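Data from protein-v7.tsv: TSV, C-alpha atoms and all ligand atoms
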```tsv
chain	number	residue	atom	x	y	z
A	5	MET	CA	21.54	7.68	-110.01
A	6	VAL	CA	21.42	8.02	-106.23
A	7	ASP	CA	20.46	11.71	-106.48
A	8	HIS	CA	17.66	10.70	-108.83
A	9	ILE	CA	16.41	8.00	-106.48
A	10	GLU	CA	16.59	10.36	-103.51
A	11	ALA	CA	14.35	12.84	-105.34
A	12	GLU	CA	11.91	10.04	-106.23
A	13	PHE	CA	11.80	8.81	-102.63
A	14	LYS	CA	11.14	12.32	-101.33
A	15	SER	CA	8.41	12.89	-103.90
A	16	VAL	CA	6.30	10.16	-102.28
A	17	GLY	CA	7.23	10.97	-98.70
A	18	LEU	CA	9.59	8.07	-97.99
A	19	GLU	CA	12.01	8.60	-95.14
A	20	VAL	CA	15.42	8.76	-96.83
A	21	GLU	CA	18.60	7.32	-95.40
A	22	ARG	CA	21.70	7.83	-97.53
A	23	THR	CA	24.93	6.10	-96.56
A	24	PRO	CA	28.18	7.46	-98.05
A	25	GLY	CA	29.93	5.04	-100.39
A	26	GLU	CA	33.04	3.26	-99.20
A	27	ASP	CA	36.22	2.29	-101.09
A	28	GLY	CA	35.38	4.57	-104.01
A	29	TYR	CA	31.92	3.14	-104.65
A	30	GLY	CA	28.75	5.20	-104.85
A	31	ASP	CA	26.32	5.89	-102.03
A	32	LEU	CA	23.83	3.36	-100.75
A	33	ILE	CA	20.30	4.69	-100.33
A	34	ARG	CA	17.29	3.50	-98.40
A	35	GLY	CA	13.73	4.81	-98.47
A	36	ARG	CA	11.35	3.75	-95.72
A	37	ALA	CA	7.59	3.71	-95.30
A	38	GLN	CA	6.28	2.85	-91.85
A	39	GLY	CA	3.23	0.87	-92.97
A	40	SER	CA	-0.20	1.23	-91.44
A	41	SER	CA	0.21	-1.73	-89.07
A	42	ARG	CA	3.33	-0.20	-87.45
A	43	ALA	CA	4.73	-3.74	-87.35
A	44	ASN	CA	8.40	-4.23	-86.51
A	45	LYS	CA	9.24	-6.56	-89.38
A	46	GLY	CA	8.38	-5.46	-92.87
A	47	ILE	CA	9.25	-5.92	-96.52
A	48	LEU	CA	12.74	-5.22	-97.79
A	49	VAL	CA	13.08	-4.57	-101.52
A	50	VAL	CA	16.70	-4.74	-102.71
A	51	SER	CA	17.87	-3.46	-106.08
A	52	HIS	CA	21.24	-2.58	-107.56
A	53	ILE	CA	21.88	0.47	-109.71
A	54	ASP	CA	25.25	-0.47	-111.20
A	55	THR	CA	25.80	-2.31	-114.44
A	56	VAL	CA	28.70	-4.01	-116.20
A	57	HIS	CA	29.19	-1.90	-119.31
A	58	PRO	CA	32.31	0.21	-119.88
A	59	ILE	CA	31.93	3.99	-119.80
A	60	GLY	CA	30.84	5.22	-123.23
A	61	THR	CA	28.54	2.28	-124.03
A	62	SER	CA	25.47	4.43	-123.52
A	63	THR	CA	26.49	6.73	-126.35
A	64	SER	CA	28.29	4.45	-128.80
A	65	GLY	CA	27.91	0.67	-128.36
A	66	ASN	CA	24.35	0.46	-127.06
A	67	PRO	CA	22.83	3.92	-127.03
A	68	ILE	CA	19.90	4.65	-124.76
A	69	ARG	CA	16.78	4.76	-126.93
A	70	ILE	CA	13.08	4.05	-126.91
A	71	GLU	CA	11.62	1.97	-129.73
A	72	GLY	CA	7.89	1.48	-129.49
A	73	ASP	CA	7.18	0.36	-125.93
A	74	ASN	CA	10.75	-0.81	-125.30
A	75	LEU	CA	13.63	1.01	-123.67
A	76	TYR	CA	17.13	-0.04	-124.76
A	77	GLY	CA	20.54	0.79	-123.33
A	78	PRO	CA	23.16	-0.50	-120.93
A	79	GLY	CA	21.62	-1.75	-117.68
A	80	THR	CA	17.97	-1.48	-118.67
A	81	TYR	CA	17.57	-5.26	-118.34
A	82	ASP	CA	19.83	-5.80	-115.33
A	83	MET	CA	18.45	-4.15	-113.44
A	84	LYS	CA	17.10	-0.67	-113.90
A	85	ALA	CA	13.74	-2.07	-115.02
A	86	GLY	CA	13.36	-4.21	-111.90
A	87	ALA	CA	14.69	-1.44	-109.70
A	88	TYR	CA	12.00	0.88	-111.00
A	89	ILE	CA	9.09	-1.56	-111.24
A	90	ALA	CA	8.97	-2.26	-107.49
A	91	PHE	CA	9.04	1.44	-106.66
A	92	TYR	CA	6.49	2.16	-109.39
A	93	ALA	CA	4.15	-0.43	-107.87
A	94	TYR	CA	4.47	1.38	-104.54
A	95	LYS	CA	3.72	4.72	-106.18
A	96	GLN	CA	0.64	3.25	-107.86
A	97	LEU	CA	-0.54	1.88	-104.52
A	98	LEU	CA	-0.31	5.37	-103.02
A	99	ALA	CA	-1.95	6.96	-106.06
A	100	ALA	CA	-4.88	4.56	-105.65
A	101	GLY	CA	-5.29	5.74	-102.06
A	102	GLY	CA	-3.68	2.68	-100.52
A	103	ASP	CA	-1.01	2.36	-97.87
A	104	PRO	CA	1.16	-0.72	-97.28
A	105	ASP	CA	0.17	-2.72	-94.24
A	106	LEU	CA	3.73	-3.74	-93.39
A	107	PRO	CA	6.68	-1.36	-93.29
A	108	VAL	CA	8.48	-1.21	-96.64
A	109	THR	CA	12.16	-0.42	-97.15
A	110	PHE	CA	13.55	0.15	-100.62
A	111	MET	CA	17.31	-0.33	-100.71
A	112	TYR	CA	19.45	0.53	-103.73
A	113	ILE	CA	23.04	-0.58	-103.73
A	114	PRO	CA	25.84	0.68	-106.04
A	115	GLU	CA	28.22	-2.30	-106.46
A	116	GLU	CA	26.38	-5.61	-106.85
A	117	GLU	CA	28.17	-6.50	-110.07
A	118	VAL	CA	31.49	-6.71	-108.24
A	119	GLY	CA	30.04	-8.78	-105.38
A	120	SER	CA	28.64	-6.07	-103.06
A	121	PRO	CA	31.96	-5.65	-101.19
A	122	TYR	CA	30.80	-2.88	-98.87
A	123	SER	CA	26.99	-2.96	-99.13
A	124	ARG	CA	26.88	-6.63	-98.04
A	125	LYS	CA	26.93	-5.75	-94.35
A	126	TYR	CA	24.07	-3.27	-94.77
A	127	ILE	CA	22.01	-5.78	-96.79
A	128	ALA	CA	22.50	-8.47	-94.14
A	129	GLU	CA	21.57	-6.05	-91.37
A	130	GLU	CA	18.37	-4.93	-93.13
A	131	ALA	CA	17.46	-8.48	-94.15
A	132	ARG	CA	17.63	-9.66	-90.53
A	133	ARG	CA	15.06	-7.03	-89.61
A	134	ALA	CA	12.71	-7.94	-92.49
A	135	LYS	CA	9.81	-10.38	-92.67
A	136	TYR	CA	10.10	-10.67	-96.46
A	137	VAL	CA	12.97	-9.79	-98.79
A	138	LEU	CA	12.33	-9.17	-102.46
A	139	VAL	CA	15.18	-8.77	-104.94
A	140	THR	CA	14.19	-7.19	-108.23
A	141	GLU	CA	16.58	-9.09	-110.52
A	142	PRO	CA	15.26	-9.49	-114.07
A	143	ALA	CA	13.64	-12.66	-115.37
A	144	ARG	CA	15.82	-15.14	-117.24
A	145	ASP	CA	15.09	-16.98	-120.49
A	146	GLY	CA	11.46	-18.09	-120.72
A	147	GLY	CA	10.38	-15.61	-118.04
A	148	LYS	CA	11.93	-17.67	-115.22
A	149	ILE	CA	12.20	-15.90	-111.88
A	150	VAL	CA	15.61	-15.70	-110.23
A	151	VAL	CA	15.35	-17.29	-106.78
A	152	GLN	CA	19.02	-17.83	-106.00
A	153	ARG	CA	22.45	-16.86	-107.16
A	154	LYS	CA	25.35	-18.99	-108.18
A	155	GLY	CA	28.00	-18.85	-105.47
A	156	SER	CA	31.26	-17.18	-106.33
A	157	ALA	CA	34.71	-16.72	-104.89
A	158	ARG	CA	37.79	-14.75	-105.85
A	159	PHE	CA	41.36	-15.78	-105.28
A	160	LYS	CA	44.60	-13.91	-105.77
A	161	LEU	CA	47.54	-16.00	-106.86
A	162	THR	CA	51.10	-14.78	-106.47
A	163	ALA	CA	54.17	-16.41	-108.02
A	164	THR	CA	57.65	-15.52	-106.84
A	165	GLY	CA	60.64	-16.34	-109.00
A	166	ARG	CA	64.32	-16.65	-108.25
A	167	ALA	CA	66.83	-14.58	-110.20
A	168	ALA	CA	69.95	-16.22	-111.58
A	169	HIS	CA	72.58	-15.24	-114.12
A	170	SER	CA	71.23	-16.21	-117.53
A	171	GLY	CA	74.66	-17.15	-118.84
A	172	SER	CA	76.49	-19.00	-116.05
A	173	LYS	CA	73.77	-19.95	-113.48
A	174	HIS	CA	70.70	-20.39	-115.62
A	175	GLU	CA	69.78	-23.70	-113.96
A	176	TYR	CA	69.39	-21.98	-110.56
A	177	GLY	CA	66.74	-19.60	-111.82
A	178	ARG	CA	63.01	-20.07	-111.39
A	179	SER	CA	60.61	-18.17	-113.63
A	180	ALA	CA	57.55	-16.71	-111.95
A	181	VAL	CA	56.13	-15.93	-115.39
A	182	LEU	CA	56.43	-19.59	-116.47
A	183	GLU	CA	54.78	-20.80	-113.25
A	184	MET	CA	51.93	-18.33	-113.67
A	185	ALA	CA	51.44	-19.41	-117.29
A	186	LYS	CA	51.07	-23.04	-116.14
A	187	GLN	CA	48.69	-22.07	-113.31
A	188	ILE	CA	46.52	-20.01	-115.67
A	189	CYS	CA	46.03	-22.99	-117.99
A	190	ASP	CA	45.36	-25.36	-115.07
A	191	ILE	CA	42.81	-23.03	-113.48
A	192	GLU	CA	40.96	-22.41	-116.74
A	193	ALA	CA	40.86	-26.17	-117.32
A	194	LEU	CA	38.89	-26.63	-114.07
A	195	THR	CA	35.79	-25.18	-115.74
A	196	ASP	CA	33.12	-27.89	-115.94
A	197	TYR	CA	29.87	-26.81	-117.64
A	198	ASP	CA	28.10	-30.07	-116.68
A	199	ARG	CA	28.65	-29.20	-113.02
A	200	ALA	CA	27.90	-25.52	-113.66
A	201	SER	CA	31.36	-24.68	-112.40
A	202	ARG	CA	33.12	-21.82	-114.16
A	203	LEU	CA	36.54	-20.35	-113.57
A	204	THR	CA	37.92	-17.23	-115.13
A	205	VAL	CA	41.45	-15.90	-114.81
A	206	ALA	CA	41.47	-12.11	-114.81
A	301	ZN	ZN	21.42	-7.82	-111.54
```

Just give me the structure as structure tokens.
Amino acid sequence: MVDHIEAEFKSVGLEVERTPGEDGYGDLIRGRAQGSSRANKGILVVSHIDTVHPIGTSTSGNPIRIEGDNLYGPGTYDMKAGAYIAFYAYKQLLAAGGDPDLPVTFMYIPEEEVGSPYSRKYIAEEARRAKYVLVTEPARDGGKIVVQRKGSARFKLTATGRAAHSGSKHEYGRSAVLEMAKQICDIEALTDYDRASRLTVA
């Protein structure tokens, strides 16, 4: 995906900056246009190129296909379509002889679906330098625009048991498995749809 984007960026003369992926994730890529005003603060367009489907979905579960004017397949909705539309708009602007007034930076990140663990710092850094930030997430039901994200947090729970002889000292033992089973039920029970609060044990 990143190779493909790099070729697209170069084809319209964007200045390419490719940052090697960290922690086993793919590369992060940025394409910059200076803008005719040479202003310092410009427009940042952020898109992600990962999706949530297991490997193999594109060939078996939800094969990539075009039916009429629609493209189907894993990740077309979230968010390959959005990722491409913004860049396509820029290409059309150039094709029509235009040039953006403000500087434009397209930024494609590889690990949004797991919470942007390494790209977060680069996004924050670019966003601070931008006058406007556009995120090309897809519309929700009824064509609603996404203007914010639900907050999320991850916690790691560890239970430590105490071994004891099962025949003669059973009462001294403490089962980590039993404690974890109780915690799992308690945590799942904290989900409250009325308050839009959802917890998932994984
Ligand atoms: Zn998305």

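Nearest residue to Pro107 in chain A among A:Lys125, A:Arg22, A:Lys84, A:Arg133 is A:Arg133, counting all atoms listed in the file.
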
With ligand ZN 301 (chain A) as the partner and 9 Å as the cut-off, tabulate the residues of chain A that qualify, each row holding the nearest pair of atoms and their distance in Å to one decimal, using only C-alpha atoms and all ligand atoms, sorted by chain and rising number, as a Markdown table.
```
| residue | atom | partner | partner_atom | distance |
| --- | --- | --- | --- | --- |
| A:Ser51 | CA | A:ZN301 | ZN | 7.8 |
| A:His52 | CA | A:ZN301 | ZN | 6.6 |
| A:Ile53 | CA | A:ZN301 | ZN | 8.5 |
| A:Asp54 | CA | A:ZN301 | ZN | 8.3 |
| A:Thr55 | CA | A:ZN301 | ZN | 7.6 |
| A:Gly79 | CA | A:ZN301 | ZN | 8.6 |
| A:Tyr81 | CA | A:ZN301 | ZN | 8.2 |
| A:Asp82 | CA | A:ZN301 | ZN | 4.6 |
| A:Met83 | CA | A:ZN301 | ZN | 5.1 |
| A:Lys84 | CA | A:ZN301 | ZN | 8.7 |
| A:Gly86 | CA | A:ZN301 | ZN | 8.8 |
| A:Glu116 | CA | A:ZN301 | ZN | 7.2 |
| A:Glu117 | CA | A:ZN301 | ZN | 7.0 |
| A:Thr140 | CA | A:ZN301 | ZN | 8.0 |
| A:Glu141 | CA | A:ZN301 | ZN | 5.1 |
| A:Pro142 | CA | A:ZN301 | ZN | 6.9 |
```

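Here CA of Val139 in chain A is placed at a distance of 19.1 Å from CA of Glu12 in chain A.
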
Original post:
Taking into account all atoms listed in the file, which residue in the set A:Asn66, A:Gln152, A:Thr164, A:Ser123 is nearest to Gly30 in chain A?
Top reply: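 The closest residue to Gly30 in chain A is A:Ser123.
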
Residue neighbourhood Ser15 in chain A, 12 Å, only C-alpha atoms, exclusion window fewer than 4 positions, as an mmCIF file with C-alpha atoms, in the coordinates of the input:
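To be explicit, this is the file written out as selection-v7.cif:
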```
data_model
loop_
_atom_site.group_PDB
_atom_site.id
_atom_site.type_symbol
_atom_site.label_atom_id
_atom_site.label_comp_id
_atom_site.auth_asym_id
_atom_site.auth_seq_id
_atom_site.Cartn_x
_atom_site.Cartn_y
_atom_site.Cartn_z
ATOM 1 C CA HIS A 8 17.660 10.700 -108.830
ATOM 2 C CA ILE A 9 16.410 8.000 -106.480
ATOM 3 C CA GLU A 10 16.590 10.360 -103.510
ATOM 4 C CA ALA A 11 14.350 12.840 -105.340
ATOM 5 C CA GLU A 19 12.010 8.600 -95.140
ATOM 6 C CA VAL A 20 15.420 8.760 -96.830
ATOM 7 C CA GLY A 35 13.730 4.810 -98.470
ATOM 8 C CA PHE A 91 9.040 1.440 -106.660
ATOM 9 C CA LYS A 95 3.720 4.720 -106.180
ATOM 10 C CA LEU A 98 -0.310 5.370 -103.020
#
```

Subject >> For Lys154 in chain A, the nearest of the candidates A:Lys135, A:Arg199, A:Arg124, A:Arg166, counting only C-alpha atoms >> reply: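 Closest residue, counting only C-alpha atoms: A:Arg199.
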
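Residue neighbourhood of Met184 in chain A, excluding near-sequence residues (fewer than 4 positions): Lys160, Leu161, Thr162, Ala163, Thr164, Gly165, Arg178, Ser179, Ala180, Ile188, Cys189, Asp190, Ile191 and Val205 of chain A, at 12 Å, using only C-alpha atoms.
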
Would you give the centre and edge lengths, in Å to one decimal, of a box along x, y and z around the listed atoms of range 49-57 of chain A, with 5 Å added to each side, as JSON?
```
{"center_x": 21.1, "center_y": -2.1, "center_z": -110.4, "size_x": 26.1, "size_y": 15.2, "size_z": 27.8}
```

Original post:
CA of Lys45 in chain A and CA of Phe110 in chain A, how far apart in Å?
Top reply: 13.8 Å

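The spacing separating CA of Ala206 in chain A from CA of Val118 in chain A amounts to 13.1 Å.
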